[in-house]
Structure formats: structure tokens, C-alpha cells
>>> print(open('data_13.cif').read())   # mmCIF, C-alpha atoms and all ligand atoms
data_work
loop_
_atom_site.label_atom_id
_atom_site.label_comp_id
_atom_site.auth_asym_id
_atom_site.auth_seq_id
_atom_site.Cartn_x
_atom_site.Cartn_y
_atom_site.Cartn_z
CA MET A 111 -29.30 16.56 25.47
CA ALA A 112 -27.19 14.49 23.05
CA ILE A 113 -28.40 13.03 19.78
CA LEU A 114 -26.87 10.22 17.73
CA VAL A 115 -27.28 10.85 14.01
CA THR A 116 -26.69 7.71 11.94
CA GLY A 117 -25.88 8.51 8.34
CA GLY A 118 -24.73 11.89 9.61
CA ALA A 119 -22.10 12.26 6.88
CA GLY A 120 -24.81 12.03 4.21
CA TYR A 121 -26.82 14.77 2.58
CA ILE A 122 -29.84 15.06 4.87
CA GLY A 123 -28.13 13.82 8.05
CA SER A 124 -25.44 16.51 7.81
CA HIS A 125 -28.07 19.24 7.45
CA VAL A 126 -30.07 17.91 10.38
CA ALA A 127 -26.89 17.77 12.47
CA ARG A 128 -26.46 21.52 11.95
CA ALA A 129 -30.10 22.25 12.73
CA LEU A 130 -29.80 20.24 15.96
CA ARG A 131 -26.66 22.10 16.96
CA ARG A 132 -28.30 25.45 16.19
CA SER A 133 -31.14 24.41 18.52
CA GLY A 134 -28.71 23.70 21.34
CA TYR A 135 -28.34 19.90 21.08
CA GLU A 136 -25.08 18.03 21.33
CA VAL A 137 -24.62 15.95 18.19
CA LEU A 138 -22.68 12.75 17.60
CA LEU A 139 -22.46 11.45 14.05
CA TYR A 140 -22.17 7.79 13.08
CA ASP A 141 -21.50 6.80 9.49
CA ASP A 142 -19.63 4.09 7.62
CA LEU A 143 -18.84 6.57 4.82
CA SER A 144 -20.17 4.10 2.23
CA ASN A 145 -21.95 7.06 0.68
CA GLY A 146 -21.03 9.89 3.03
CA PHE A 147 -18.48 12.69 2.85
CA ARG A 148 -16.11 13.97 5.48
CA ARG A 149 -16.39 17.47 4.06
CA LEU A 150 -20.07 17.57 5.10
CA VAL A 151 -19.22 17.02 8.76
CA ARG A 152 -16.30 19.31 9.47
CA GLY A 153 -16.48 20.50 13.06
CA PHE A 154 -18.59 17.53 14.23
CA GLU A 155 -17.56 14.38 16.05
CA LEU A 156 -17.84 11.49 13.62
CA VAL A 157 -17.59 7.86 14.65
CA GLU A 158 -16.94 5.66 11.64
CA GLY A 159 -18.92 2.44 11.77
CA ASP A 160 -21.73 0.32 10.45
CA VAL A 161 -25.15 0.52 12.13
CA ALA A 162 -25.05 -3.29 12.29
CA ASP A 163 -21.95 -3.18 14.52
CA GLU A 164 -23.52 -3.67 17.95
CA LYS A 165 -20.20 -3.69 19.81
CA LYS A 166 -19.22 -0.32 18.43
CA LEU A 167 -22.66 1.18 19.01
CA LEU A 168 -23.36 0.23 22.60
CA PRO A 169 -20.81 2.58 24.23
CA ILE A 170 -21.94 5.33 21.88
CA LEU A 171 -25.60 4.82 22.73
CA ALA A 172 -24.64 5.19 26.40
CA ARG A 173 -23.64 8.79 25.58
CA VAL A 174 -26.90 9.91 23.93
CA ASP A 175 -30.57 10.53 24.72
CA ALA A 176 -32.12 9.93 21.29
CA VAL A 177 -31.29 8.46 17.89
CA MET A 178 -32.04 9.88 14.46
CA HIS A 179 -31.61 7.20 11.84
CA PHE A 180 -30.70 8.35 8.32
CA ALA A 181 -28.20 5.63 7.40
CA ALA A 182 -29.53 3.64 4.47
CA HIS A 183 -29.06 2.92 0.83
CA ALA A 184 -31.42 5.19 -1.04
CA TYR A 185 -31.39 4.61 -4.80
CA VAL A 186 -34.70 3.27 -6.10
CA GLY A 187 -33.22 1.94 -9.37
CA GLU A 188 -30.33 0.21 -7.62
CA SER A 189 -32.77 -1.42 -5.21
CA VAL A 190 -34.52 -3.04 -8.18
CA ASP A 191 -31.22 -4.33 -9.61
CA ASN A 192 -29.74 -5.38 -6.26
CA PRO A 193 -32.52 -5.88 -3.68
CA ARG A 194 -30.27 -7.99 -1.46
CA LYS A 195 -28.07 -4.93 -0.78
CA TYR A 196 -31.18 -2.96 0.26
CA PHE A 197 -32.74 -5.56 2.51
CA GLN A 198 -29.34 -6.28 4.06
CA ASN A 199 -28.67 -2.65 5.02
CA ASN A 200 -32.08 -0.97 5.30
CA VAL A 201 -33.79 -3.93 7.01
CA LEU A 202 -31.19 -6.18 8.69
CA GLY A 203 -28.78 -3.36 9.50
CA ALA A 204 -31.56 -1.11 10.74
CA LEU A 205 -33.11 -3.91 12.84
CA SER A 206 -29.72 -4.55 14.40
CA LEU A 207 -29.54 -0.83 15.25
CA LEU A 208 -33.03 -0.96 16.78
CA HIS A 209 -32.00 -3.92 18.92
CA SER A 210 -28.88 -2.11 20.09
CA VAL A 211 -31.12 0.82 21.01
CA LEU A 212 -33.46 -1.50 22.94
CA ASP A 213 -30.40 -2.80 24.80
CA SER A 214 -29.52 0.77 25.79
CA ARG A 215 -31.50 3.28 27.85
CA VAL A 216 -32.44 5.33 24.75
CA ARG A 217 -36.19 5.36 24.11
CA ARG A 218 -36.55 8.13 21.51
CA PHE A 219 -36.08 7.40 17.84
CA VAL A 220 -36.65 9.44 14.69
CA PHE A 221 -36.63 7.55 11.39
CA SER A 222 -36.09 8.74 7.80
CA SER A 223 -38.83 7.13 5.79
CA THR A 224 -40.00 8.08 2.35
CA CYS A 225 -43.02 8.74 0.18
CA ALA A 226 -41.86 5.60 -1.70
CA VAL A 227 -43.77 3.59 0.93
CA TYR A 228 -46.99 4.77 -0.77
CA GLY A 229 -46.03 3.28 -4.14
CA ILE A 230 -48.32 4.57 -6.86
CA PRO A 231 -51.21 6.09 -4.90
CA GLY A 232 -54.58 6.51 -6.51
CA LYS A 233 -54.77 10.15 -5.38
CA THR A 234 -52.56 13.15 -5.90
CA LEU A 235 -52.55 14.71 -2.42
CA ILE A 236 -51.12 12.03 -0.16
CA ASP A 237 -51.99 11.96 3.53
CA GLU A 238 -50.59 9.54 6.11
CA GLU A 239 -53.64 7.25 5.87
CA THR A 240 -52.98 6.56 2.18
CA PRO A 241 -52.37 2.81 1.81
CA ARG A 242 -48.69 1.91 1.95
CA GLU A 243 -48.05 -0.28 -1.09
CA PRO A 244 -44.43 0.21 -2.19
CA VAL A 245 -43.55 -0.82 -5.72
CA ASN A 246 -39.79 -1.25 -5.32
CA PRO A 247 -37.43 -2.92 -2.81
CA TYR A 248 -36.26 0.46 -1.49
CA GLY A 249 -39.80 1.46 -0.48
CA ALA A 250 -40.45 -2.05 0.89
CA SER A 251 -37.29 -1.90 3.01
CA LYS A 252 -38.42 1.40 4.56
CA LEU A 253 -41.93 0.08 5.16
CA PHE A 254 -40.50 -2.92 7.01
CA LEU A 255 -38.78 -0.61 9.49
CA GLU A 256 -41.98 1.41 9.90
CA TYR A 257 -43.73 -1.81 10.97
CA ALA A 258 -40.88 -2.74 13.32
CA LEU A 259 -40.90 0.71 14.93
CA ASP A 260 -44.64 0.61 15.38
CA ALA A 261 -44.45 -2.81 17.07
CA TYR A 262 -41.51 -1.79 19.29
CA SER A 263 -43.27 1.39 20.26
CA ARG A 264 -46.40 -0.50 21.30
CA SER A 265 -44.60 -3.37 23.04
CA TYR A 266 -41.33 -1.93 24.37
CA GLY A 267 -42.05 1.78 24.69
CA LEU A 268 -39.39 2.70 22.10
CA ARG A 269 -41.16 5.91 21.13
CA SER A 270 -40.64 6.92 17.55
CA VAL A 271 -41.51 9.46 14.91
CA ILE A 272 -41.50 8.22 11.32
CA LEU A 273 -40.87 11.07 8.88
CA ARG A 274 -41.87 10.32 5.29
CA TYR A 275 -39.94 12.73 3.12
CA PHE A 276 -41.03 13.73 -0.33
CA ASN A 277 -38.23 15.03 -2.62
CA ALA A 278 -35.47 16.60 -0.55
CA ALA A 279 -33.42 19.24 -2.36
CA GLY A 280 -31.47 22.45 -1.82
CA ALA A 281 -28.59 23.30 0.49
CA ASP A 282 -27.87 24.90 3.83
CA GLU A 283 -28.10 28.68 3.46
CA SER A 284 -24.53 29.02 4.83
CA GLY A 285 -23.30 27.58 1.51
CA GLU A 286 -20.98 25.31 3.52
CA ILE A 287 -22.79 22.03 2.89
CA GLY A 288 -25.24 20.82 0.29
CA GLU A 289 -26.39 17.87 -1.76
CA LEU A 290 -23.70 15.33 -2.59
CA HIS A 291 -24.51 11.86 -3.86
CA ASN A 292 -22.25 9.58 -5.81
CA PRO A 293 -23.69 8.82 -8.30
CA GLU A 294 -26.06 11.79 -8.35
CA THR A 295 -29.58 10.82 -9.40
CA HIS A 296 -31.63 13.73 -8.06
CA LEU A 297 -33.22 16.25 -10.38
CA VAL A 298 -32.09 19.59 -8.89
CA PRO A 299 -28.32 18.86 -8.85
CA LEU A 300 -28.54 17.15 -12.24
CA ALA A 301 -30.36 20.15 -13.75
CA LEU A 302 -27.69 22.49 -12.37
CA LEU A 303 -24.90 20.27 -13.69
CA ALA A 304 -26.58 20.25 -17.11
CA THR A 305 -26.05 24.01 -17.38
CA ALA A 306 -22.32 23.31 -17.83
CA ALA A 307 -21.04 22.18 -21.23
CA HIS A 308 -18.79 19.44 -19.84
CA PHE A 309 -21.58 17.64 -17.97
CA PRO A 310 -24.18 15.38 -19.61
CA ALA A 311 -27.51 16.82 -20.70
CA LEU A 312 -30.39 16.21 -18.30
CA GLN A 313 -32.46 13.18 -19.23
CA VAL A 314 -36.19 13.90 -18.81
CA TYR A 315 -38.14 10.68 -18.32
CA GLY A 316 -41.51 11.09 -19.99
CA SER A 317 -43.30 14.10 -21.44
CA ASP A 318 -46.69 12.50 -22.03
CA TYR A 319 -47.94 12.20 -18.44
CA PRO A 320 -51.42 13.50 -17.57
CA THR A 321 -49.92 16.63 -15.94
CA PRO A 322 -50.15 20.26 -17.09
CA ASP A 323 -46.92 20.12 -19.15
CA GLY A 324 -46.64 16.34 -19.58
CA THR A 325 -43.67 15.85 -17.21
CA CYS A 326 -43.80 14.25 -13.74
CA VAL A 327 -44.88 16.40 -10.83
CA ARG A 328 -43.17 16.01 -7.44
CA ASP A 329 -43.20 17.79 -4.09
CA TYR A 330 -39.73 19.35 -3.59
CA ILE A 331 -38.92 20.11 0.01
CA HIS A 332 -35.98 22.27 1.04
CA VAL A 333 -33.49 20.31 3.12
CA SER A 334 -33.41 23.12 5.71
CA ASP A 335 -37.19 22.85 6.16
CA LEU A 336 -36.76 19.11 6.49
CA ALA A 337 -34.02 19.64 9.08
CA GLU A 338 -36.24 21.95 11.13
CA ALA A 339 -38.99 19.32 11.12
CA HIS A 340 -36.57 16.83 12.68
CA VAL A 341 -35.87 19.19 15.56
CA LEU A 342 -39.63 19.55 16.09
CA ALA A 343 -40.09 15.76 15.95
CA LEU A 344 -37.48 15.38 18.66
CA GLN A 345 -39.15 18.05 20.77
CA TYR A 346 -42.46 16.20 20.30
CA LEU A 347 -40.83 13.08 21.77
CA GLU A 348 -39.28 15.15 24.58
CA ARG A 349 -42.69 16.58 25.47
CA GLY A 350 -43.81 12.99 25.89
CA GLY A 351 -46.19 12.94 22.96
CA ASP A 352 -48.00 9.57 23.12
CA GLN A 353 -46.52 8.91 26.56
CA LYS A 354 -48.30 5.57 26.92
CA PRO A 355 -47.10 2.62 24.83
CA GLY A 356 -48.86 3.01 21.52
CA PRO A 357 -48.29 3.40 17.82
CA SER A 358 -45.41 5.41 16.46
CA LEU A 359 -46.22 8.78 14.94
CA ALA A 360 -45.99 8.94 11.12
CA ILE A 361 -45.71 12.33 9.44
CA ASN A 362 -45.40 13.36 5.79
CA LEU A 363 -42.83 16.06 5.09
CA GLY A 364 -43.64 17.97 1.95
CA THR A 365 -44.88 21.39 0.93
CA GLY A 366 -48.29 20.39 -0.39
CA ARG A 367 -47.31 21.91 -3.74
CA GLY A 368 -46.14 20.01 -6.79
CA HIS A 369 -43.70 21.13 -9.48
CA SER A 370 -43.11 19.49 -12.84
CA VAL A 371 -39.70 18.54 -14.18
CA LEU A 372 -39.97 21.43 -16.66
CA GLU A 373 -40.73 23.87 -13.83
CA VAL A 374 -37.59 22.70 -12.01
CA ILE A 375 -35.62 23.19 -15.21
CA GLN A 376 -37.01 26.73 -15.55
CA ALA A 377 -36.09 27.47 -11.91
CA ALA A 378 -32.54 26.19 -12.58
CA GLU A 379 -32.31 28.39 -15.67
CA SER A 380 -33.39 31.49 -13.76
CA ALA A 381 -31.03 30.76 -10.84
CA THR A 382 -28.02 30.22 -13.10
CA GLY A 383 -28.86 32.46 -16.05
CA ARG A 384 -27.91 29.56 -18.32
CA PRO A 385 -29.91 27.05 -20.35
CA VAL A 386 -30.33 23.53 -18.95
CA ARG A 387 -29.38 21.16 -21.77
CA ARG A 388 -31.90 18.32 -21.82
CA THR A 389 -33.04 15.32 -23.80
CA MET A 390 -36.63 14.15 -23.66
CA GLY A 391 -36.84 10.37 -23.20
CA PRO A 392 -39.49 7.75 -22.53
CA ARG A 393 -41.21 7.24 -19.17
CA ARG A 394 -39.43 5.20 -16.47
CA PRO A 395 -41.45 2.19 -15.34
CA GLY A 396 -43.01 2.71 -11.90
CA ASP A 397 -42.92 6.54 -11.93
CA PRO A 398 -46.33 7.90 -10.90
CA PRO A 399 -47.38 11.09 -12.75
CA THR A 400 -47.85 13.12 -9.56
CA LEU A 401 -46.74 12.74 -5.93
CA VAL A 402 -47.59 15.60 -3.59
CA ALA A 403 -47.77 15.50 0.22
CA ASP A 404 -50.72 16.56 2.28
CA PRO A 405 -48.71 18.33 4.99
CA ALA A 406 -51.68 19.03 7.31
CA LYS A 407 -50.66 16.52 9.98
CA ALA A 408 -47.14 17.96 10.23
CA GLN A 409 -48.70 21.37 10.87
CA ARG A 410 -51.28 20.04 13.32
CA VAL A 411 -49.03 17.75 15.39
CA LEU A 412 -45.55 19.27 15.07
CA GLY A 413 -46.46 22.88 14.27
CA TRP A 414 -44.31 22.60 11.12
CA THR A 415 -44.80 24.01 7.65
CA ALA A 416 -42.29 24.41 4.85
CA LYS A 417 -41.07 28.02 4.66
CA ARG A 418 -38.99 27.79 1.50
CA ASN A 419 -40.15 27.44 -2.10
CA LEU A 420 -38.71 26.00 -5.30
CA ALA A 421 -36.77 29.19 -6.11
CA ASP A 422 -35.15 29.03 -2.63
CA ILE A 423 -34.27 25.37 -3.18
CA VAL A 424 -32.63 25.94 -6.54
CA SER A 425 -30.81 29.14 -5.59
CA SER A 426 -29.36 27.57 -2.41
CA ALA A 427 -28.28 24.49 -4.38
CA TRP A 428 -26.63 26.76 -6.95
CA THR A 429 -24.79 28.78 -4.27
CA TRP A 430 -23.46 25.53 -2.81
CA LYS A 431 -22.44 24.23 -6.21
CA GLU A 432 -20.68 27.48 -7.12
CA LYS A 433 -18.78 27.56 -3.82
CA ASN A 434 -17.78 23.94 -4.07
CA GLN A 435 -17.13 23.66 -7.78
CA ALA A 436 -13.54 22.61 -7.36
CA ASP A 437 -14.12 19.51 -5.25
CA SER A 438 -17.75 18.71 -6.09
CA GLY A 439 -18.44 14.97 -5.79
CA VAL A 440 -15.32 14.01 -3.87
CA SER A 441 -14.76 13.44 -0.17
N1 LIG B 1 -32.76 12.38 -0.48
C1 LIG B 1 -34.09 12.25 -0.51
O1 LIG B 1 -34.78 12.95 -1.27
C2 LIG B 1 -34.78 11.27 0.42
C3 LIG B 1 -36.17 11.12 0.29
C4 LIG B 1 -36.81 10.23 1.14
C5 LIG B 1 -36.10 9.55 2.11
N2 LIG B 1 -34.76 9.70 2.20
C6 LIG B 1 -34.05 8.95 3.25
O2 LIG B 1 -33.27 9.86 4.00
C7 LIG B 1 -32.07 9.24 4.46
C8 LIG B 1 -30.89 10.10 4.06
O3 LIG B 1 -30.88 10.28 2.64
P1 LIG B 1 -29.71 11.05 1.93
O4 LIG B 1 -30.23 11.56 0.64
O5 LIG B 1 -29.08 11.95 2.91
O6 LIG B 1 -28.73 9.81 1.61
P2 LIG B 1 -27.14 9.75 1.72
O7 LIG B 1 -26.71 8.55 0.94
O8 LIG B 1 -26.54 11.07 1.38
O9 LIG B 1 -26.91 9.49 3.27
C9 LIG B 1 -26.95 8.21 3.85
C10 LIG B 1 -25.73 8.06 4.74
O10 LIG B 1 -25.81 6.81 5.42
C11 LIG B 1 -24.52 6.21 5.43
N3 LIG B 1 -24.74 4.77 5.59
C12 LIG B 1 -25.37 3.94 4.74
N4 LIG B 1 -25.41 2.70 5.26
C13 LIG B 1 -24.79 2.76 6.47
C14 LIG B 1 -24.53 1.80 7.48
N5 LIG B 1 -24.88 0.52 7.36
N6 LIG B 1 -23.90 2.21 8.62
C15 LIG B 1 -23.52 3.52 8.76
N7 LIG B 1 -23.75 4.45 7.82
C16 LIG B 1 -24.37 4.08 6.68
C17 LIG B 1 -23.90 6.62 4.12
O11 LIG B 1 -22.49 6.57 4.15
C18 LIG B 1 -24.42 8.05 3.95
O12 LIG B 1 -23.53 8.98 4.53
C19 LIG B 1 -32.05 7.84 3.86
O13 LIG B 1 -32.51 6.94 4.86
C20 LIG B 1 -33.05 7.94 2.71
O14 LIG B 1 -33.66 6.69 2.48
C21 LIG B 1 -34.07 10.55 1.37
#
>>> encode(input="data_13.cif", output="C-alpha cells", more="lines below")
Ligand SMILES: NC(=O)c1ccc[n+]([C@@H]2O[C@H](COP(=O)([O-])OP(=O)(O)OC[C@H]3O[C@@H](n4cnc5c(N)ncnc54)[C@H](O)[C@@H]3O)[C@@H](O)[C@H]2O)c1
Amino acid sequence: MAILVTGGAGYIGSHVARALRRSGYEVLLYDDLSNGFRRLVRGFELVEGDVADEKKLLPILARVDAVMHFAAHAYVGESVDNPRKYFQNNVLGALSLLHSVLDSRVRRFVFSSTCAVYGIPGKTLIDEETPREPVNPYGASKLFLEYALDAYSRSYGLRSVILRYFNAAGADESGEIGELHNPETHLVPLALLATAAHFPALQVYGSDYPTPDGTCVRDYIHVSDLAEAHVLALQYLERGGDQKPGPSLAINLGTGRGHSVLEVIQAAESATGRPVRRTMGPRRPGDPPTLVADPAKAQRVLGWTAKRNLADIVSSAWTWKEKNQADSGVS
């Protein structure tokens, strides 16, 4: 069975590609390298292209049995400053991909969605029935595709699993690949960078939230756990889950456990044995105090639970950073 992984040269896509291969799937990566890195995909077949390029995609879709769609722009702040870029790629580009898929024989689709579709929920433990009310263009762009997938599943039998990730972090335990974003905006890599004198201090946004230590609480999920959930989502589709035309399946991927920014900093300090230099700043508009997944549905429907904890996340990220110090951040 062959799987097309769009955005396969990115952080999460490259980890899922390895998990798929370890589970015996053939993997074909598709990425325009707008934010991806060749060094994350050594040993894999990579086709360079845009998901909106129907001509390039059709012969590739003829070679695969399912699509996993990671390709997207994924910076919340940038989506506020430049929403056109986000709707162009995450909505128009993704819709074009969906239409290419409909024009092929592929009928299995796994989509990278996000907890940003929930916006600022009124509760701390977020299940899949929580109202989806995104508060930024990034979350709105992902929600649009959720609606499209649901409609195409009901009307055209394009069966899909929508995976709403919480905060992905950590690195493959091999130490060969890990988190690379340019620019880097995620807390774990920034905290590790801030242990080195020549990198900027970590900016902490808000220390007066109604949380135990005043900093924001998030659900950090190890990228390897996330990758394993994708394999299970694919197997769910293979088993013919929801065989009849019907809604797509939406699943939260998180641990069910929240950690504050200060707890992540402490974990980075214990993994590295060095202090994380930090500056405490004001809150960022639109940041909810706490976002934690209710992972019960993932367990019930996919048989998945996160196996790794915050210490595993930070130590794997540190191993990757140490091994890749020399060329960190470049392709
Ligand atoms: N990182 C997280 O914590 C997180 C959380 C929730 C959801 N997500 C979603 O997961 C997916 C992967 O995130 P990531 O952190 O790996 O991001 P990433 O930027 O590392 O990976 C995205 C990849 O998609 C490629 N790409 C972008 N637009 C493309 C296009 N039009 N055609 C072909 N390739 C294109 C980029 O070059 C990049 O390699 C994204 O859809 C993101 O929205 C990520």
C-alpha cells in the first residue's frame, strides 16, 4: 500500500513518513520546499511541487492508495498579518488537492487539523464536540477544509480522518530528524536555543494567567506519538470504518495533560543541565490560558494513547539539536 504525504519535507510530515515506512507502507513525499528541508527526507522519494499543481499531482495520485495532507502554512501570527497567504494555500491550494484526489481513484484521506479550530474554548478539557470557533485566519483556514472534507465524505465517499493536533514537539528517537521551522516559533526548540549564550533569551508571553504558575498551559504531544496516531488513522480507513457515505471522523491528538511554559522551561533545564535565559513579557492577544485535549475518542476509536511525556519530548528534542548543531536551521 502506497501513501502520498504532502508536506512530507516538513517537521510532522517527515516523522509520519518514517512511522509509515516502519509499519510497512510505501511512502511518496510531495513538498514545494517553501518551508521544508531536504535533510529531513533523506532516503525517501520526494517530488517537488505545489499541492495546487493538478497536472503534476494526477500521475502521482495514480501511484498511491491514500493521501496524508500536511502541506500548509502554519504560523498563527503570520496568518493575522497576511491572511491572504493562508487562505490561498490552506484553503484554495488544499481544495485544489482535494479535487485532484476526487479525479483519481484515491478515496482515503488523512488531514492535519489543529486545536486552533476551537479558538478560545470555554472549558479546559477539549473534546471533539467543543464548538469550533477559530479566532485567527490560520484556524479558520483549517476549519474550512474540515467542512469540505465532511461534505465530500458524505457526498462523494472520499473517506477522511481529521486529526486535530495540540502542540507537537520532540524529535524522532533515532536523532536523525527533528523539529525545524524557519523562523522557529515553537516553545520547546526556542527554550533549548535559549540555553546557549549566542541565541536570544526566551520571551514568555504573560505570567498573570489564571493558571497554577501564571503562565499559559498547553498540551504537548510527542511527534512520534502523533506519527503513530496517523498510522492508526490510516488503518481505521483501511478497515472501512464508516464504510457508508457519512461524516468524516474528527479526532483530537493530545495527551490530556497540560504543562505551563515554566514547566517546559524546567524540563529544558533538566535535559540540558543549563539555565534557560528568559524575559517575562505581556500576554499575547488571543492566547487562551489553558488548552488541553480530551483524548478519549482517540483511545476509543483508534486505540491510541500518547506514550511519551514532557521529559521524553524535551530530551529527544535536545538529542536532535545536539546532533545537528552544525547545520541547524538550514536545508
Ligand atoms: N507543529 C504543530 O504543532 C502543529 C499543530 C497543529 C497542526 N499542525 C499542522 O500540521 C501540518 C504540519 O505542520 P509542521 O509543523 O510540520 O509544518 P512545516 O511547515 O514543518 O511543514 C509543512 C510543509 O508543507 C510544505 N508546503 C507548504 N505549502 C505547500 C504547498 N502549497 N505545496 C506543497 N508543499 C507545501 C512546506 O514546505 C513544509 O515542508 C500543518 O498542516 C500544520 O497546520 C501543526
>>> residues_around(input="data_13.cif", residues="Ser270 in chain A", least_positions_apart="3", cutoff="7 Å", atoms="only C-alpha atoms", output="count of residues only")
7
>>> residues_around(input="data_13.cif", residues="range 222-236 of chain A", least_positions_apart="6", cutoff="7 Å", atoms="only C-alpha atoms", output="MDAnalysis selection string")
chainID A and resid 179:180 242:245 249:250 252:253 272:276 398 400:404
>>> write_last_selection(input="data_13.cif", atoms="C-alpha atoms", output="PDB file, keeping the file's coordinate frame")
ATOM      1  CA  HIS A 179     -31.610   7.200  11.840  1.00  0.00           C
ATOM      2  CA  PHE A 180     -30.700   8.350   8.320  1.00  0.00           C
ATOM      3  CA  ARG A 242     -48.690   1.910   1.950  1.00  0.00           C
ATOM      4  CA  GLU A 243     -48.050  -0.280  -1.090  1.00  0.00           C
ATOM      5  CA  PRO A 244     -44.430   0.210  -2.190  1.00  0.00           C
ATOM      6  CA  VAL A 245     -43.550  -0.820  -5.720  1.00  0.00           C
ATOM      7  CA  GLY A 249     -39.800   1.460  -0.480  1.00  0.00           C
ATOM      8  CA  ALA A 250     -40.450  -2.050   0.890  1.00  0.00           C
ATOM      9  CA  LYS A 252     -38.420   1.400   4.560  1.00  0.00           C
ATOM     10  CA  LEU A 253     -41.930   0.080   5.160  1.00  0.00           C
ATOM     11  CA  ILE A 272     -41.500   8.220  11.320  1.00  0.00           C
ATOM     12  CA  LEU A 273     -40.870  11.070   8.880  1.00  0.00           C
ATOM     13  CA  ARG A 274     -41.870  10.320   5.290  1.00  0.00           C
ATOM     14  CA  TYR A 275     -39.940  12.730   3.120  1.00  0.00           C
ATOM     15  CA  PHE A 276     -41.030  13.730  -0.330  1.00  0.00           C
ATOM     16  CA  PRO A 398     -46.330   7.900 -10.900  1.00  0.00           C
ATOM     17  CA  THR A 400     -47.850  13.120  -9.560  1.00  0.00           C
ATOM     18  CA  LEU A 401     -46.740  12.740  -5.930  1.00  0.00           C
ATOM     19  CA  VAL A 402     -47.590  15.600  -3.590  1.00  0.00           C
ATOM     20  CA  ALA A 403     -47.770  15.500   0.220  1.00  0.00           C
ATOM     21  CA  ASP A 404     -50.720  16.560   2.280  1.00  0.00           C
TER      22      ASP A 404
END
>>> residues_around(input="data_13.cif", residues="range 319-328 of chain A", least_positions_apart="5", cutoff="7 Å", atoms="all atoms listed in the file", output="list of chain:residue names")
A:Asn277, A:Gly368, A:His369, A:Ser370, A:Val371, A:Leu372, A:Pro399, A:Thr400, A:Leu401, A:Val402
>>> residues_around(input="data_13.cif", residues="range 427-434 of chain A", least_positions_apart="4", cutoff="9 Å", atoms="only C-alpha atoms", output="list in words")
Ala279, Gly280, Ala281, Asp282, Glu283, Ser284, Gly285, Glu286, Ile287, Gly288, Glu289, Val298, Pro299, Leu302, Leu303, Ala378, Ala381, Thr382, Asp422, Ile423 and Ser438 of chain A
>>> atom_distance(input="data_13.cif", atom1="CA of Pro193 in chain A", atom2="CA of Asn246 in chain A")
8.8 Å
>>> closest_residue(input="data_13.cif", among="A:Gly123, A:Pro310, A:Gly366, A:Gly316", to="Arg388 in chain A", atoms="all atoms listed in the file")
A:Pro310
>>> residues_around(input="data_13.cif", residues="Ser133 in chain A", least_positions_apart="2", cutoff="12 Å", atoms="all atoms listed in the file", output="ChimeraX atom specification")
/A:111-113,126-131,135-137,337-342,344-345
>>> residues_near_point(input="data_13.cif", point="(-26.8, 22.7, -15.8)", cutoff="8 Å", atoms="only C-alpha atoms", output="ChimeraX atom specification")
/A:300-307,309,311-312,378-379,384-387
>>> closest_residue(input="data_13.cif", among="A:Glu239, A:Ile375, A:Ser210, A:Tyr248", to="Ala172 in chain A", atoms="all atoms listed in the file")
A:Ser210
>>> atom_distance(input="data_13.cif", atom1="CA of Ile170 in chain A", atom2="CA of Arg132 in chain A")
21.9 Å
>>> residues_near_ligand(input="data_13.cif", ligand="ligand LIG 1 (chain B)", cutoff="6 Å", atoms="only C-alpha atoms and all ligand atoms", output="VMD selection string")
chain A and resid 117 to 123 141 to 146 159 to 161 180 to 184 199 203 222 to 224 275 to 278 291
>>> closest_residue(input="data_13.cif", among="A:Leu336, A:Gly396, A:Asp329, A:Arg173", to="Gly187 in chain A", atoms="all atoms listed in the file")
A:Gly396
>>> atom_distance(input="data_13.cif", atom1="CA of Ala360 in chain A", atom2="CA of Ser206 in chain A")
21.4 Å
>>> decode(input="data_13.cif", residues="range 293-298 of chain A", atoms="all heavy atoms", output="PDB file, in the first residue's frame")
ATOM      1  N   PRO A 293      10.973  30.870  10.286  1.00  0.00           N
ATOM      2  CA  PRO A 293      11.537  31.042  11.622  1.00  0.00           C
ATOM      3  C   PRO A 293      10.953  30.035  12.618  1.00  0.00           C
ATOM      4  O   PRO A 293       9.858  29.503  12.382  1.00  0.00           O
ATOM      5  CB  PRO A 293      11.091  32.468  11.995  1.00  0.00           C
ATOM      6  CG  PRO A 293       9.801  32.666  11.243  1.00  0.00           C
ATOM      7  CD  PRO A 293       9.953  31.893   9.963  1.00  0.00           C
ATOM      8  N   GLU A 294      11.662  29.799  13.700  1.00  0.00           N
ATOM      9  CA  GLU A 294      11.148  28.903  14.746  1.00  0.00           C
ATOM     10  C   GLU A 294      10.282  29.725  15.701  1.00  0.00           C
ATOM     11  O   GLU A 294      10.685  30.788  16.157  1.00  0.00           O
ATOM     12  CB  GLU A 294      12.313  28.260  15.514  1.00  0.00           C
ATOM     13  CG  GLU A 294      11.866  27.158  16.456  1.00  0.00           C
ATOM     14  CD  GLU A 294      10.986  26.123  15.752  1.00  0.00           C
ATOM     15  OE1 GLU A 294      11.484  25.237  15.044  1.00  0.00           O
ATOM     16  OE2 GLU A 294       9.742  26.226  15.920  1.00  0.00           O
ATOM     17  N   THR A 295       9.072  29.229  15.952  1.00  0.00           N
ATOM     18  CA  THR A 295       8.173  29.959  16.867  1.00  0.00           C
ATOM     19  C   THR A 295       7.705  29.061  18.004  1.00  0.00           C
ATOM     20  O   THR A 295       6.955  29.501  18.863  1.00  0.00           O
ATOM     21  CB  THR A 295       6.910  30.457  16.109  1.00  0.00           C
ATOM     22  OG1 THR A 295       6.244  29.315  15.551  1.00  0.00           O
ATOM     23  CG2 THR A 295       7.266  31.440  15.010  1.00  0.00           C
ATOM     24  N   HIS A 296       8.112  27.786  17.988  1.00  0.00           N
ATOM     25  CA  HIS A 296       7.567  26.846  18.969  1.00  0.00           C
ATOM     26  C   HIS A 296       8.399  26.832  20.248  1.00  0.00           C
ATOM     27  O   HIS A 296       9.624  26.988  20.224  1.00  0.00           O
ATOM     28  CB  HIS A 296       7.469  25.448  18.355  1.00  0.00           C
ATOM     29  CG  HIS A 296       6.447  25.390  17.248  1.00  0.00           C
ATOM     30  ND1 HIS A 296       6.797  25.347  15.913  1.00  0.00           N
ATOM     31  CD2 HIS A 296       5.104  25.409  17.278  1.00  0.00           C
ATOM     32  CE1 HIS A 296       5.694  25.323  15.176  1.00  0.00           C
ATOM     33  NE2 HIS A 296       4.650  25.362  15.979  1.00  0.00           N
ATOM     34  N   LEU A 297       7.699  26.600  21.352  1.00  0.00           N
ATOM     35  CA  LEU A 297       8.315  26.788  22.666  1.00  0.00           C
ATOM     36  C   LEU A 297       9.500  25.852  22.940  1.00  0.00           C
ATOM     37  O   LEU A 297      10.541  26.314  23.421  1.00  0.00           O
ATOM     38  CB  LEU A 297       7.235  26.619  23.756  1.00  0.00           C
ATOM     39  CG  LEU A 297       7.724  26.752  25.189  1.00  0.00           C
ATOM     40  CD1 LEU A 297       8.368  28.112  25.442  1.00  0.00           C
ATOM     41  CD2 LEU A 297       6.560  26.522  26.169  1.00  0.00           C
ATOM     42  N   VAL A 298       9.349  24.558  22.660  1.00  0.00           N
ATOM     43  CA  VAL A 298      10.416  23.617  23.054  1.00  0.00           C
ATOM     44  C   VAL A 298      11.738  23.959  22.354  1.00  0.00           C
ATOM     45  O   VAL A 298      12.762  24.153  23.028  1.00  0.00           O
ATOM     46  CB  VAL A 298       9.980  22.154  22.846  1.00  0.00           C
ATOM     47  CG1 VAL A 298      11.157  21.207  23.021  1.00  0.00           C
ATOM     48  CG2 VAL A 298       8.854  21.807  23.822  1.00  0.00           C
TER      49      VAL A 298
END
